[in-house]
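Chemist: Shown below is the structure under consideration.
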Amino acid sequence: MGYKVTIEQGSLEFSVNAQENLLNAALQAKINLPHGCKSGSCGACKCKVIHGDIELEEYNKTVLSDDDITNNYILLCKASAQSDVILDIPGFTNGFPIKTMPSKIESIDKVGSVTILKLKLPANQIFEFYAGQYIDIIYEGKNRSYSIANSPTTKGIIELHIRYRQGGVFSEAAWHTLTVNQILRFKGPMGNFTLQNSNNPILMVCTGTGFAPLKAILEQMVAEKNQREVHLIWGNFTAEDFYLTDILPNWQNQLSLKVTLCTNDQAEGYYTGMVTDYIQETFNDLSQHEIYACGNPAMIENLYNIASSQLKLDKRNFYSDVFTPSI
Ligand code: FES
């Protein structure tokens, strides 16, 4: 039996049958709903059901808690419709078409333990994306997700930040074997981690190479002369793990931007502690803020819990891009 699924934002609709999951049905209908693992473990496809009956298959309870279930949250990749359904996906806008494309490696730079890979796009093909989205690199038969680290205002180029990880097939390749002019195929753009259209002050919170999509969004803000108040809070294990920090003062000259770098080191000019320690110490009311967070799942979950329960953040104003290292 077929049902109708409506997404409140943008009044988009697609059809689904009771046997297929909502995410697959949406993607088939060319509606690029937020997603990551497609297997119920990353939480990227979590959203709220405003109306309708849903059946959920087994999923990871750390990304969809019993509280979430009580509040009508579901994982789209594990949900099937048992009636017509209305979904609430804050900030959702149907993105650009997902394409599989070739690219040519233009440059490979190593900064600390991060490879900055620049890919040149074919001149005869159009690839459009929003600042903050990600692509899947197709390498040795597997897909590995990386955020695009530049804004679309830099035409014809995709920049990726890849932290070196021993045993990580693509990160090893980026560090040791990829060469300039080599062809890499990728699929994208994907994801819904994009700047919302409002005037609320922003906390951008990231760890490690979670900086990449925030860099893209900040570049976009520079291009648009956007003067929204932004506080970038970036955490790394050591002070040496920060990279590309030379661009921060330039952004601060052009944006209403404050920057705090957090590390375990006792180093001058850095906050000693985790990003969440700093936020707990510094803020007591985030009810007017939006948070954009990118990094490891534990940081994102911790931040979400602290901000929404202790610091009065409206849960609808928490936007996250969780990354799990791929092998
Ligand atoms: S895409 Fe649904 S939980 Fe990861």
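Just remember, in the structure tokens the first chain shown is A, the second B, etc., residues are 1-based per chain, and ligands are 1-based in the order shown.
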Could you produce a table of the residues of chain A lying within 8 Å of ligand 1, with the nearest pair of atoms per residue and their separation in Å rounded to one decimal, using only C-alpha atoms and all ligand atoms, ordered by chain and increasing residue number, as CSV?

Modeler:
residue,atom,partner,partner_atom_place_in_ligand_line,distance
A:Leu23,CA,ligand 1,2 (Fe),7.8
A:Pro34,CA,ligand 1,1 (S),7.5
A:His35,CA,ligand 1,1 (S),4.0
A:Gly36,CA,ligand 1,1 (S),4.0
A:Cys37,CA,ligand 1,4 (Fe),3.9
A:Lys38,CA,ligand 1,1 (S),3.7
A:Ser39,CA,ligand 1,4 (Fe),5.5
A:Gly40,CA,ligand 1,3 (S),3.5
A:Ser41,CA,ligand 1,3 (S),4.5
A:Cys42,CA,ligand 1,4 (Fe),3.9
A:Gly43,CA,ligand 1,3 (S),3.9
A:Ala44,CA,ligand 1,4 (Fe),5.0
A:Cys45,CA,ligand 1,2 (Fe),4.4
A:Lys46,CA,ligand 1,2 (Fe),6.7
A:Tyr59,CA,ligand 1,3 (S),7.6
A:Asn60,CA,ligand 1,3 (S),7.9
A:Val63,CA,ligand 1,3 (S),7.3
A:Leu75,CA,ligand 1,2 (Fe),5.3
A:Leu76,CA,ligand 1,2 (Fe),5.8
A:Cys77,CA,ligand 1,2 (Fe),4.4
A:Lys78,CA,ligand 1,2 (Fe),6.7

Chemist: Excluding region 128-145 of chain A and its own-chain neighbours fewer than 6 positions away, which residues fall within 6 Å of it when counting only C-alpha atoms? Please give them as a list in words.

Modeler: Ser151, Arg185, Phe186, Lys187, Gly188, Pro189, Met190, Gly191, Phe193, Thr194, Pro213, Ala216 and Ile217 of chain A

Chemist: As a PyMOL selection string, please: all residues of region 1-213 of chain A that backbone DSSP puts in strand (DSSP E).

Modeler: chain A and resi 2-7+12-17+46-51+54-56+73-75+79-81+85-88+99-111+114-120+134-139+142-147+157-163+183-190+202-207

Chemist: Near Val85 (chain A), within 7 Å and counting only C-alpha atoms, which residues show up once chain neighbours fewer than 3 positions away are dropped, as a CSV table (one decimal) with N, CA and C atoms, in the first residue's frame?

Modeler:
chain,number,residue,atom,x,y,z
A,4,LYS,N,1.6,8.9,1.4
A,4,LYS,CA,2.2,10.2,1.0
A,4,LYS,C,3.0,10.7,2.2
A,5,VAL,N,4.2,11.1,1.9
A,5,VAL,CA,5.0,11.7,2.9
A,5,VAL,C,5.2,13.2,2.6
A,6,THR,N,4.9,14.1,3.5
A,6,THR,CA,5.1,15.5,3.3
A,6,THR,C,6.1,16.1,4.2
A,51,HIS,N,2.9,14.1,12.1
A,51,HIS,CA,1.6,13.4,12.0
A,51,HIS,C,1.9,12.1,11.3
A,52,GLY,N,1.2,11.0,11.7
A,52,GLY,CA,1.2,9.8,11.0
A,52,GLY,C,1.8,8.7,11.8
A,53,ASP,N,1.7,7.4,11.3
A,53,ASP,CA,2.2,6.2,12.0
A,53,ASP,C,3.4,5.7,11.3
A,81,ALA,N,6.5,3.9,6.7
A,81,ALA,CA,5.2,4.6,7.0
A,81,ALA,C,4.1,3.5,7.0

Chemist: Any chance you could tabulate, as a tab-separated table, the residues of region 38-133 of chain A at most 8 Å from region 237-245 of chain A with each one's nearest atom pair and distance in Å to one decimal, using only C-alpha atoms, in chain and rising number order?

Modeler:
residue	atom	partner	partner_atom	distance
A:Val111	CA	A:Tyr243	CA	6.2
A:Gly112	CA	A:Asp241	CA	6.3
A:Ser113	CA	A:Asp241	CA	7.0
A:Val114	CA	A:Tyr243	CA	7.7

Chemist: Limited to N, CA and C atoms, could you put the picked residues into a file as a PDB file, in the first residue's frame?

Modeler:
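Generated output (again_15.pdb):
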ATOM      1  N   VAL A 111      49.609  19.737   6.131  1.00  0.00           N
ATOM      2  CA  VAL A 111      49.745  20.766   7.168  1.00  0.00           C
ATOM      3  C   VAL A 111      49.554  20.049   8.500  1.00  0.00           C
ATOM      4  N   GLY A 112      50.625  19.949   9.286  1.00  0.00           N
ATOM      5  CA  GLY A 112      50.539  19.139  10.501  1.00  0.00           C
ATOM      6  C   GLY A 112      50.210  17.706  10.105  1.00  0.00           C
ATOM      7  N   SER A 113      49.142  17.159  10.673  1.00  0.00           N
ATOM      8  CA  SER A 113      48.752  15.784  10.316  1.00  0.00           C
ATOM      9  C   SER A 113      47.532  15.768   9.394  1.00  0.00           C
ATOM     10  N   VAL A 114      47.310  16.883   8.713  1.00  0.00           N
ATOM     11  CA  VAL A 114      46.138  16.975   7.825  1.00  0.00           C
ATOM     12  C   VAL A 114      46.602  17.128   6.372  1.00  0.00           C
TER      13      VAL A 114
END
